[in-house]
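Note: the block below is target-v6.cif and it holds mmCIF, C-alpha atoms and all ligand atoms.
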```cif
data_input
#
loop_
_atom_site.group_PDB
_atom_site.id
_atom_site.type_symbol
_atom_site.label_atom_id
_atom_site.label_comp_id
_atom_site.auth_asym_id
_atom_site.auth_seq_id
_atom_site.Cartn_x
_atom_site.Cartn_y
_atom_site.Cartn_z
ATOM 1 C CA MET F 62 -26.924 99.413 67.016
ATOM 2 C CA LYS F 63 -25.590 98.623 63.553
ATOM 3 C CA ARG F 64 -25.456 95.167 62.067
ATOM 4 C CA GLN F 65 -22.743 93.973 59.710
ATOM 5 C CA ALA F 66 -21.985 90.671 58.065
ATOM 6 C CA ARG F 67 -18.652 91.551 56.389
ATOM 7 C CA PHE F 68 -15.288 92.021 58.034
ATOM 8 C CA ALA F 69 -14.367 95.103 55.964
ATOM 9 C CA ASP F 70 -17.638 96.920 56.790
ATOM 10 C CA ALA F 71 -17.425 96.053 60.490
ATOM 11 C CA ARG F 72 -13.801 97.196 60.706
ATOM 12 C CA ALA F 73 -14.621 100.484 58.954
ATOM 13 C CA GLN F 74 -17.230 101.277 61.615
ATOM 14 C CA ALA F 75 -15.175 100.294 64.662
ATOM 15 C CA LYS F 76 -13.655 103.557 65.963
ATOM 16 C CA GLY F 77 -11.398 104.335 68.914
ATOM 17 C CA ARG F 78 -10.751 101.658 71.475
ATOM 18 C CA VAL F 79 -12.550 98.575 70.190
ATOM 19 C CA GLY F 80 -13.844 95.808 72.463
ATOM 20 C CA LEU F 81 -14.964 92.463 71.047
ATOM 21 C CA VAL F 82 -17.296 89.947 72.691
ATOM 22 C CA PRO F 83 -17.313 86.763 70.590
ATOM 23 C CA THR F 84 -20.435 84.590 71.002
ATOM 24 C CA MET F 85 -22.352 81.827 69.276
ATOM 25 C CA GLY F 86 -25.600 83.681 69.965
ATOM 26 C CA TYR F 87 -28.792 82.732 71.770
ATOM 27 C CA LEU F 88 -27.691 85.305 74.294
ATOM 28 C CA HIS F 89 -28.155 85.072 78.033
ATOM 29 C CA GLU F 90 -26.900 86.956 81.087
ATOM 30 C CA GLY F 91 -23.495 85.217 80.846
ATOM 31 C CA HIS F 92 -22.942 86.917 77.472
ATOM 32 C CA LEU F 93 -24.504 90.132 78.761
ATOM 33 C CA ALA F 94 -22.003 90.199 81.653
ATOM 34 C CA LEU F 95 -19.164 90.228 79.090
ATOM 35 C CA MET F 96 -20.861 93.076 77.218
ATOM 36 C CA GLU F 97 -21.458 95.034 80.416
ATOM 37 C CA ARG F 98 -17.806 94.754 81.366
ATOM 38 C CA ALA F 99 -16.676 95.684 77.858
ATOM 39 C CA ARG F 100 -19.097 98.633 77.605
ATOM 40 C CA GLY F 101 -17.282 100.477 80.362
ATOM 41 C CA GLU F 102 -13.838 99.905 78.831
ATOM 42 C CA CYS F 103 -14.112 100.737 75.139
ATOM 43 C CA ASP F 104 -15.434 103.249 72.596
ATOM 44 C CA THR F 105 -16.881 100.769 70.127
ATOM 45 C CA LEU F 106 -18.396 97.592 71.506
ATOM 46 C CA VAL F 107 -18.588 94.827 68.913
ATOM 47 C CA ALA F 108 -20.399 91.572 69.642
ATOM 48 C CA SER F 109 -19.931 88.785 67.164
ATOM 49 C CA LEU F 110 -22.460 86.105 66.578
ATOM 50 C CA PHE F 111 -21.256 83.041 64.746
ATOM 51 C CA VAL F 112 -22.042 79.383 65.330
ATOM 52 C CA ASN F 113 -18.640 78.009 64.396
ATOM 53 C CA PRO F 114 -19.044 74.656 62.640
ATOM 54 C CA PHE F 115 -15.368 73.772 63.196
ATOM 55 C CA GLN F 116 -15.724 73.548 66.963
ATOM 56 C CA PHE F 117 -18.563 71.027 66.855
ATOM 57 C CA GLY F 118 -17.597 67.376 66.666
ATOM 58 C CA ASP F 119 -21.191 66.260 66.353
ATOM 59 C CA ALA F 120 -23.290 67.346 63.348
ATOM 60 C CA GLU F 121 -26.482 66.843 65.349
ATOM 61 C CA ASP F 122 -25.322 69.159 68.143
ATOM 62 C CA LEU F 123 -24.487 71.795 65.504
ATOM 63 C CA ALA F 124 -27.867 71.425 63.801
ATOM 64 C CA SER F 125 -29.788 71.673 67.083
ATOM 65 C CA TYR F 126 -27.783 74.589 68.522
ATOM 66 C CA PRO F 127 -30.402 77.240 69.461
ATOM 67 C CA ARG F 128 -30.483 80.282 67.169
ATOM 68 C CA ASP F 129 -32.623 83.437 67.132
ATOM 69 C CA MET F 130 -31.050 86.443 65.442
ATOM 70 C CA GLU F 131 -33.823 88.940 66.252
ATOM 71 C CA ARG F 132 -33.908 87.993 69.925
ATOM 72 C CA ASP F 133 -30.094 88.316 70.064
ATOM 73 C CA ALA F 134 -30.155 91.680 68.278
ATOM 74 C CA SER F 135 -32.595 93.192 70.778
ATOM 75 C CA LEU F 136 -30.668 91.843 73.810
ATOM 76 C CA ALA F 137 -27.359 93.085 72.366
ATOM 77 C CA ALA F 138 -28.795 96.546 71.616
ATOM 78 C CA ALA F 139 -30.140 96.790 75.179
ATOM 79 C CA ALA F 140 -26.678 95.819 76.500
ATOM 80 C CA GLY F 141 -25.132 98.781 74.667
ATOM 81 C CA VAL F 142 -23.532 96.914 71.765
ATOM 82 C CA ASP F 143 -22.631 99.360 68.962
ATOM 83 C CA LEU F 144 -22.057 96.797 66.265
ATOM 84 C CA LEU F 145 -23.417 93.290 65.914
ATOM 85 C CA PHE F 146 -21.147 91.326 63.596
ATOM 86 C CA ALA F 147 -22.934 88.262 62.266
ATOM 87 C CA PRO F 148 -20.912 86.814 59.383
ATOM 88 C CA SER F 149 -22.006 83.927 57.209
ATOM 89 C CA VAL F 150 -19.951 80.720 57.135
ATOM 90 C CA GLU F 151 -18.721 81.870 53.682
ATOM 91 C CA GLU F 152 -17.520 85.224 55.070
ATOM 92 C CA MET F 153 -15.686 83.507 57.939
ATOM 93 C CA PHE F 154 -14.334 80.629 55.901
ATOM 94 C CA PRO F 155 -14.511 81.373 52.150
ATOM 95 C CA ASP F 156 -12.313 78.341 51.514
ATOM 96 C CA ASP F 157 -11.991 75.152 53.438
ATOM 97 C CA PRO F 158 -9.236 76.292 55.840
ATOM 98 C CA ALA F 159 -5.765 75.064 54.917
ATOM 99 C CA VAL F 160 -4.338 76.364 58.198
ATOM 100 C CA GLN F 161 -4.681 74.356 61.371
ATOM 101 C CA LEU F 162 -4.049 75.758 64.830
ATOM 102 C CA VAL F 163 -3.428 72.930 67.217
ATOM 103 C CA LEU F 164 -2.455 73.462 70.822
ATOM 104 C CA PRO F 165 -0.975 70.166 71.940
ATOM 105 C CA HIS F 166 -1.574 69.610 75.626
ATOM 106 C CA LEU F 167 -3.522 72.856 76.312
ATOM 107 C CA GLY F 168 -6.186 71.731 73.889
ATOM 108 C CA ASP F 169 -5.889 67.971 74.379
ATOM 109 C CA ARG F 170 -6.755 67.651 78.056
ATOM 110 C CA LEU F 171 -10.198 67.889 79.715
ATOM 111 C CA GLU F 172 -12.563 69.138 77.005
ATOM 112 C CA GLY F 173 -10.114 68.126 74.302
ATOM 113 C CA ARG F 174 -10.237 64.491 75.417
ATOM 114 C CA GLY F 175 -14.000 64.230 74.965
ATOM 115 C CA ARG F 176 -14.121 66.597 71.996
ATOM 116 C CA PRO F 177 -11.073 65.996 69.781
ATOM 117 C CA GLY F 178 -10.442 68.931 67.437
ATOM 118 C CA HIS F 179 -12.702 71.249 69.437
ATOM 119 C CA PHE F 180 -10.007 73.745 70.438
ATOM 120 C CA ALA F 181 -8.444 73.747 66.981
ATOM 121 C CA GLY F 182 -11.869 74.891 65.763
ATOM 122 C CA VAL F 183 -12.120 77.513 68.498
ATOM 123 C CA ALA F 184 -8.571 78.754 67.824
ATOM 124 C CA LEU F 185 -9.276 79.124 64.105
ATOM 125 C CA ALA F 186 -12.492 81.127 64.592
ATOM 126 C CA VAL F 187 -10.986 83.343 67.328
ATOM 127 C CA THR F 188 -7.891 84.001 65.179
ATOM 128 C CA LYS F 189 -10.099 84.930 62.268
ATOM 129 C CA LEU F 190 -12.164 87.350 64.401
ATOM 130 C CA LEU F 191 -9.065 88.953 65.923
ATOM 131 C CA ALA F 192 -7.345 89.330 62.549
ATOM 132 C CA GLY F 193 -10.480 90.511 60.772
ATOM 133 C CA LEU F 194 -11.820 92.954 63.377
ATOM 134 C CA GLN F 195 -8.567 94.004 65.080
ATOM 135 C CA PRO F 196 -10.043 94.737 68.514
ATOM 136 C CA ASP F 197 -7.967 96.283 71.315
ATOM 137 C CA LEU F 198 -9.679 94.106 73.906
ATOM 138 C CA ALA F 199 -11.528 90.798 73.676
ATOM 139 C CA TYR F 200 -13.735 89.375 76.430
ATOM 140 C CA PHE F 201 -14.175 85.704 77.312
ATOM 141 C CA GLY F 202 -16.125 84.000 80.112
ATOM 142 C CA ARG F 203 -14.556 81.919 82.858
ATOM 143 C CA LYS F 204 -17.454 79.512 82.288
ATOM 144 C CA ASP F 205 -15.175 78.122 79.565
ATOM 145 C CA ALA F 206 -12.014 78.192 81.653
ATOM 146 C CA GLN F 207 -9.986 75.970 79.331
ATOM 147 C CA GLN F 208 -11.041 78.023 76.316
ATOM 148 C CA LEU F 209 -9.839 81.139 78.118
ATOM 149 C CA ALA F 210 -6.435 79.495 78.708
ATOM 150 C CA VAL F 211 -6.258 78.425 75.053
ATOM 151 C CA VAL F 212 -7.138 81.917 73.790
ATOM 152 C CA ARG F 213 -4.635 83.612 76.100
ATOM 153 C CA ARG F 214 -1.881 81.303 74.887
ATOM 154 C CA LEU F 215 -2.886 81.658 71.241
ATOM 155 C CA VAL F 216 -2.697 85.446 71.481
ATOM 156 C CA LYS F 217 0.646 85.274 73.260
ATOM 157 C CA ASP F 218 2.224 82.792 70.852
ATOM 158 C CA LEU F 219 0.966 84.612 67.749
ATOM 159 C CA SER F 220 1.636 88.124 69.145
ATOM 160 C CA PHE F 221 -1.851 89.465 68.537
ATOM 161 C CA PRO F 222 -1.955 93.059 69.824
ATOM 162 C CA VAL F 223 -5.072 92.465 71.904
ATOM 163 C CA GLU F 224 -5.740 92.271 75.621
ATOM 164 C CA ILE F 225 -7.760 89.238 76.681
ATOM 165 C CA VAL F 226 -10.137 89.878 79.577
ATOM 166 C CA GLY F 227 -11.628 86.986 81.605
ATOM 167 C CA VAL F 228 -15.078 87.560 83.140
ATOM 168 C CA PRO F 229 -16.618 85.537 86.021
ATOM 169 C CA LEU F 230 -19.289 82.916 85.381
ATOM 170 C CA VAL F 231 -23.003 83.762 85.676
ATOM 171 C CA ARG F 232 -25.517 81.242 87.099
ATOM 172 C CA GLU F 233 -29.268 80.838 87.200
ATOM 173 C CA HIS F 234 -30.900 81.723 90.539
ATOM 174 C CA ASP F 235 -30.731 78.001 91.487
ATOM 175 C CA GLY F 236 -27.037 77.622 90.623
ATOM 176 C CA LEU F 237 -27.106 76.085 87.125
ATOM 177 C CA ALA F 238 -24.348 77.643 84.995
ATOM 178 C CA LEU F 239 -25.964 79.614 82.187
ATOM 179 C CA SER F 240 -25.521 78.070 78.771
ATOM 180 C CA SER F 241 -27.487 78.534 75.549
ATOM 181 C CA ARG F 242 -27.817 74.750 75.402
ATOM 182 C CA ASN F 243 -29.782 74.707 78.708
ATOM 183 C CA VAL F 244 -32.995 75.375 76.770
ATOM 184 C CA ARG F 245 -32.718 71.790 75.492
ATOM 185 C CA LEU F 246 -32.933 70.280 79.028
ATOM 186 C CA SER F 247 -36.244 68.723 80.087
ATOM 187 C CA ASP F 248 -37.554 69.687 83.544
ATOM 188 C CA SER F 249 -36.293 66.467 85.138
ATOM 189 C CA GLU F 250 -32.903 66.748 83.398
ATOM 190 C CA ARG F 251 -32.594 70.340 84.515
ATOM 191 C CA THR F 252 -33.289 69.397 88.144
ATOM 192 C CA ALA F 253 -30.756 66.556 87.913
ATOM 193 C CA ALA F 254 -28.179 68.915 86.361
ATOM 194 C CA LEU F 255 -28.210 70.991 89.555
ATOM 195 C CA SER F 256 -26.075 68.241 91.100
ATOM 196 C CA ILE F 257 -23.151 69.738 89.131
ATOM 197 C CA SER F 258 -23.319 73.173 90.753
ATOM 198 C CA ARG F 259 -24.115 71.601 94.148
ATOM 199 C CA GLY F 260 -20.867 69.658 93.989
ATOM 200 C CA LEU F 261 -18.935 72.781 93.014
ATOM 201 C CA ALA F 262 -20.507 74.734 95.888
ATOM 202 C CA ALA F 263 -19.196 72.008 98.223
ATOM 203 C CA VAL F 264 -15.759 72.412 96.622
ATOM 204 C CA ALA F 265 -15.809 76.176 97.232
ATOM 205 C CA ASN F 266 -16.828 75.571 100.862
ATOM 206 C CA LEU F 267 -13.995 73.149 101.463
ATOM 207 C CA ALA F 268 -11.461 75.439 99.791
ATOM 208 C CA GLU F 269 -12.649 78.358 101.923
ATOM 209 C CA LYS F 270 -11.913 76.231 104.992
ATOM 210 C CA GLY F 271 -8.382 75.654 103.732
ATOM 211 C CA GLU F 272 -8.664 72.298 101.918
ATOM 212 C CA GLN F 273 -6.011 72.072 99.195
ATOM 213 C CA ASP F 274 -5.879 68.368 98.393
ATOM 214 C CA ALA F 275 -7.083 67.857 94.805
ATOM 215 C CA ALA F 276 -8.397 64.339 95.548
ATOM 216 C CA VAL F 277 -10.612 65.650 98.375
ATOM 217 C CA LEU F 278 -11.885 68.590 96.300
ATOM 218 C CA GLU F 279 -12.526 66.447 93.231
ATOM 219 C CA ASP F 280 -14.380 63.914 95.352
ATOM 220 C CA ALA F 281 -16.658 66.663 96.711
ATOM 221 C CA ALA F 282 -17.479 67.711 93.130
ATOM 222 C CA ARG F 283 -18.131 64.135 92.080
ATOM 223 C CA ARG F 284 -20.322 62.937 94.948
ATOM 224 C CA PRO F 285 -23.681 64.665 94.197
ATOM 225 C CA ILE F 286 -23.297 63.819 90.501
ATOM 226 C CA ASP F 287 -22.626 60.134 91.194
ATOM 227 C CA ALA F 288 -25.835 60.056 93.258
ATOM 228 C CA GLU F 289 -27.862 61.371 90.304
ATOM 229 C CA PRO F 290 -28.826 58.620 87.819
ATOM 230 C CA LEU F 291 -29.694 61.102 85.041
ATOM 231 C CA VAL F 292 -26.236 62.690 85.097
ATOM 232 C CA ASP F 293 -23.185 60.915 83.790
ATOM 233 C CA LEU F 294 -19.883 62.450 84.941
ATOM 234 C CA GLU F 295 -17.107 62.709 82.378
ATOM 235 C CA TYR F 296 -14.455 64.429 84.510
ATOM 236 C CA ALA F 297 -13.961 66.497 87.651
ATOM 237 C CA GLU F 298 -10.357 67.718 87.727
ATOM 238 C CA LEU F 299 -8.384 70.392 89.493
ATOM 239 C CA THR F 300 -6.412 72.146 86.787
ATOM 240 C CA ASP F 301 -3.900 74.963 86.534
ATOM 241 C CA ALA F 302 -5.715 77.836 84.772
ATOM 242 C CA VAL F 303 -2.732 78.858 82.630
ATOM 243 C CA GLU F 304 -0.932 75.641 81.716
ATOM 244 C CA VAL F 305 -4.038 73.416 81.872
ATOM 245 C CA THR F 306 -2.048 70.809 83.805
ATOM 246 C CA ARG F 307 -3.503 68.546 86.471
ATOM 247 C CA MET F 308 -2.859 69.784 90.017
ATOM 248 C CA ARG F 309 -2.387 67.639 93.104
ATOM 249 C CA LYS F 310 -2.676 70.592 95.437
ATOM 250 C CA LEU F 311 -4.703 73.789 95.114
ATOM 251 C CA GLU F 312 -2.401 76.759 94.626
ATOM 252 C CA HIS F 313 -2.387 80.023 92.632
ATOM 253 C CA THR F 314 -4.857 80.399 89.754
ATOM 254 C CA ALA F 315 -6.731 77.219 88.974
ATOM 255 C CA PHE F 316 -10.138 75.779 88.268
ATOM 256 C CA LEU F 317 -11.925 72.610 89.216
ATOM 257 C CA GLY F 318 -13.590 71.787 85.910
ATOM 258 C CA VAL F 319 -16.514 69.417 85.542
ATOM 259 C CA ALA F 320 -18.084 67.949 82.400
ATOM 260 C CA ALA F 321 -21.152 65.743 82.575
ATOM 261 C CA ASN F 322 -23.721 64.355 80.193
ATOM 262 C CA VAL F 323 -27.395 64.850 80.905
ATOM 263 C CA GLY F 324 -29.521 63.051 78.339
ATOM 264 C CA ASP F 325 -27.856 63.900 75.027
ATOM 265 C CA LEU F 326 -26.509 67.208 76.333
ATOM 266 C CA ARG F 327 -23.001 67.760 77.549
ATOM 267 C CA LEU F 328 -22.688 70.415 80.252
ATOM 268 C CA ILE F 329 -19.558 72.033 81.654
ATOM 269 C CA ASP F 330 -19.097 74.060 84.799
ATOM 270 C CA ASN F 331 -16.266 74.966 87.140
ATOM 271 C CA CYS F 332 -15.199 76.550 90.372
ATOM 272 C CA PHE F 333 -12.472 79.038 89.499
ATOM 273 C CA PHE F 334 -9.766 79.951 91.993
ATOM 274 C CA VAL F 335 -8.044 83.322 91.843
ATOM 275 C CA ASP F 336 -4.836 82.993 93.855
ATOM 276 C CA GLY F 337 -6.384 80.010 95.627
ATOM 277 C CA VAL F 338 -9.600 81.893 96.547
ATOM 278 C CA PRO F 339 -12.748 80.183 95.196
ATOM 279 C CA GLU F 340 -14.958 82.105 92.779
ATOM 280 C CA LEU F 341 -18.208 80.332 91.899
ATOM 281 C CA GLY F 342 -19.500 83.322 89.945
ATOM 282 C CA ARG F 343 -22.604 85.426 90.235
ATOM 283 C CA ARG F 344 -26.132 84.064 90.742
ATOM 284 C CA LEU F 345 -29.066 85.820 89.108
ATOM 285 C CA ASP F 346 -31.836 86.792 91.494
ATOM 286 C CA ARG F 347 -34.518 85.830 88.970
ATOM 287 C CA VAL F 348 -34.974 83.401 86.109
ATOM 288 C CA SER F 349 -32.686 84.148 83.114
ATOM 289 C CA THR F 350 -33.723 85.469 79.688
ATOM 290 C CA LEU F 351 -33.407 81.874 78.416
ATOM 291 C CA TYR F 352 -36.684 80.972 80.120
ATOM 292 C CA GLN F 353 -38.560 84.205 79.588
ATOM 293 C CA GLY F 354 -40.989 83.394 76.843
ATOM 294 C CA GLY F 355 -39.655 79.846 76.547
ATOM 295 C CA PRO F 356 -37.312 78.327 73.993
HETATM 296 P P1 LIG Q 401 -20.814 80.866 73.671
HETATM 297 O O1 LIG Q 401 -21.860 81.670 72.961
HETATM 298 O O2 LIG Q 401 -21.369 79.781 74.530
HETATM 299 O O3 LIG Q 401 -19.709 80.419 72.756
HETATM 300 O O4 LIG Q 401 -20.123 81.855 74.695
HETATM 301 C C1 LIG Q 401 -19.589 83.077 74.296
HETATM 302 C C2 LIG Q 401 -18.801 83.677 75.426
HETATM 303 O O5 LIG Q 401 -19.657 83.827 76.559
HETATM 304 C C3 LIG Q 401 -17.643 82.790 75.879
HETATM 305 O O6 LIG Q 401 -16.534 83.608 76.206
HETATM 306 C C4 LIG Q 401 -18.195 82.095 77.095
HETATM 307 O O7 LIG Q 401 -17.205 81.713 78.023
HETATM 308 C C5 LIG Q 401 -19.078 83.187 77.669
HETATM 309 N N1 LIG Q 401 -20.110 82.576 78.514
HETATM 310 C C6 LIG Q 401 -21.001 81.612 78.174
HETATM 311 N N2 LIG Q 401 -21.755 81.264 79.240
HETATM 312 C C7 LIG Q 401 -21.331 82.022 80.272
HETATM 313 C C8 LIG Q 401 -21.692 82.130 81.644
HETATM 314 N N3 LIG Q 401 -22.654 81.391 82.166
HETATM 315 N N4 LIG Q 401 -21.024 83.015 82.409
HETATM 316 C C9 LIG Q 401 -20.029 83.778 81.889
HETATM 317 N N5 LIG Q 401 -19.644 83.731 80.612
HETATM 318 C C10 LIG Q 401 -20.272 82.866 79.804
#
```
As a first step, turn the structure in this file into structure tokens.
Ligand code: AMP
Amino acid sequence: MKRQARFADARAQAKGRVGLVPTMGYLHEGHLALMERARGECDTLVASLFVNPFQFGDAEDLASYPRDMERDASLAAAAGVDLLFAPSVEEMFPDDPAVQLVLPHLGDRLEGRGRPGHFAGVALAVTKLLAGLQPDLAYFGRKDAQQLAVVRRLVKDLSFPVEIVGVPLVREHDGLALSSRNVRLSDSERTAALSISRGLAAVANLAEKGEQDAAVLEDAARRPIDAEPLVDLEYAELTDAVEVTRMRKLEHTAFLGVAANVGDLRLIDNCFFVDGVPELGRRLDRVSTLYQGGP
């Protein structure tokens, strides 16, 4: 596996059909699932590693975001990545960006409400990676279902010649959605956080039995979280996966997205629905790389 920090060098080495997996690093099996999918579909697999300051509202969250370049490099190499692109902030943003990419509505609801400016930051970094690396395919996780909708729309509106591929969510063996930030949960917070995936499992169960009423499904997601004093629910909303509009009734492709605060961490999770069929994602059968060797 080669490592590059400059767009021009990375582009020069990317041959044939190029697949890009953008990440903020501190890799886990959620990221590895994107790489695995991409590996089978392209000639050059590029993984990018960049903690994008413009998508963080909170300087403290940015400063405490877990980072470990050597750990990431060995996981990426084992996953078959050909090129690890890890640009500096100066390479990504040599000047304070004069361009703003706002997605009114798509980026304002759900995550956008609690994190104003977040999706403008995401859109800027993704645009930069797509323009700079010119991949044929780019892979994004359904863990961040709203981000996936934003990226799909961005690419469509700006006519980027890239295919966006959505990949199902990966969970710990006990159901917790994998996230690099999970390493910052204490044991008691981590146990409490399981209420989020428990609620979503109840949602999937109800939907499998034919329940379509958003209020009933949202209530099922909310209930275990409300019973957990360490977890503070921000939203549980059934949302159209393309338009990011609120749904009253479960139909076509949607997700029931949840955001909750546990201590000073904000966690998101969802139950995705492909043509109305619930997809909770894949559970690992053992503890994830995040806990092997400890944070
Ligand atoms: P991040 O490093 O958190 O910005 O994530 C990079 C990419 O990995 C994004 O497309 C995420 O949606 C995806 N991702 C993160 N966690 C998971 C997960 N648990 N399952 C599937 N994809 C994930």
Subject >> For Gly80 (chain F): contacts at 10 Å, only C-alpha atoms, fewer than 3 positions along chain excluded, given as number ranges by chain >> reply: F: 75, 77, 83, 96, 98-108, 142, 194-200, 223-226
Subject >> Point-to-point distance from CA of Arg309 (chain F) to CA of Ala276 (chain F), Å rounded to tenths >> reply: 7.3 Å
Original post:
Just so the selection is clear, what residues does the PyMOL selection byres (((not hetatm)) within 10 of (chain Q and resi 401)) cover here, as a PyMOL selection string?
Top reply: chain F and resi 82-96+108-113+116+183+199-209+212+226-233+237-242+329-330+342-344
Subject >> Selection: 9 Å around His234 (chain F), only C-alpha atoms, excl. self and same-chain fewer than 3 positions, as a ChimeraX atom specification >> reply: /F:237,344-349
Could you save the residues just selected, with C-alpha atoms, as a short mmCIF file (atom, residue, chain, number, x, y, z; two decimals), keeping the file's coordinate frame?
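The resulting file, again.cif, is shown below:
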```
data_model
loop_
_atom_site.label_atom_id
_atom_site.label_comp_id
_atom_site.auth_asym_id
_atom_site.auth_seq_id
_atom_site.Cartn_x
_atom_site.Cartn_y
_atom_site.Cartn_z
CA LEU F 237 -27.11 76.08 87.12
CA ARG F 344 -26.13 84.06 90.74
CA LEU F 345 -29.07 85.82 89.11
CA ASP F 346 -31.84 86.79 91.49
CA ARG F 347 -34.52 85.83 88.97
CA VAL F 348 -34.97 83.40 86.11
CA SER F 349 -32.69 84.15 83.11
#
```
Original post:
Which residue out of F:Asp287, F:Asp325, F:Asp301, F:Glu340 has the minimum interatomic distance to Leu167 (chain F) when only C-alpha atoms are used?
Top reply: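 Of F:Asp287, F:Asp325, F:Asp301, F:Glu340, the one nearest Leu167 (chain F), counting only C-alpha atoms, is F:Asp301.
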**OP:** May I have the protein, DNA and RNA residues with an atom at most 8 Å from (-9.8, 69.2, 85.8), counting all atoms listed in the file in the file's coordinates, returned as a PyMOL selection string?
**Re:** chain F and resi 171+296-300+307+316-319
Expected axis-aligned box over every listed atom of region 143-155 of chain F, 8 Å added per side, centre plus edges in Å to one decimal, as AutoDock Vina command-line options:
```
--center_x -18.9 --center_y 90.0 --center_z 60.6 --size_x 25.1 --size_y 34.7 --size_z 32.8
```
Contacts of Phe146 (chain F) at 6 Å (only C-alpha atoms; same-chain gap of 5+ positions) as a short mmCIF file (atom, residue, chain, number, x, y, z; two decimals) with C-alpha atoms, keeping the file's coordinate frame:
```cif
data_model
loop_
_atom_site.label_atom_id
_atom_site.label_comp_id
_atom_site.auth_asym_id
_atom_site.auth_seq_id
_atom_site.Cartn_x
_atom_site.Cartn_y
_atom_site.Cartn_z
CA ARG F 64 -25.46 95.17 62.07
CA GLN F 65 -22.74 93.97 59.71
CA ALA F 66 -21.98 90.67 58.06
CA SER F 109 -19.93 88.78 67.16
#
```
Original post:
Mind pulling up the distance from CA of Gln161 (chain F) to CA of Leu185 (chain F)?
Top reply: 7.2 Å
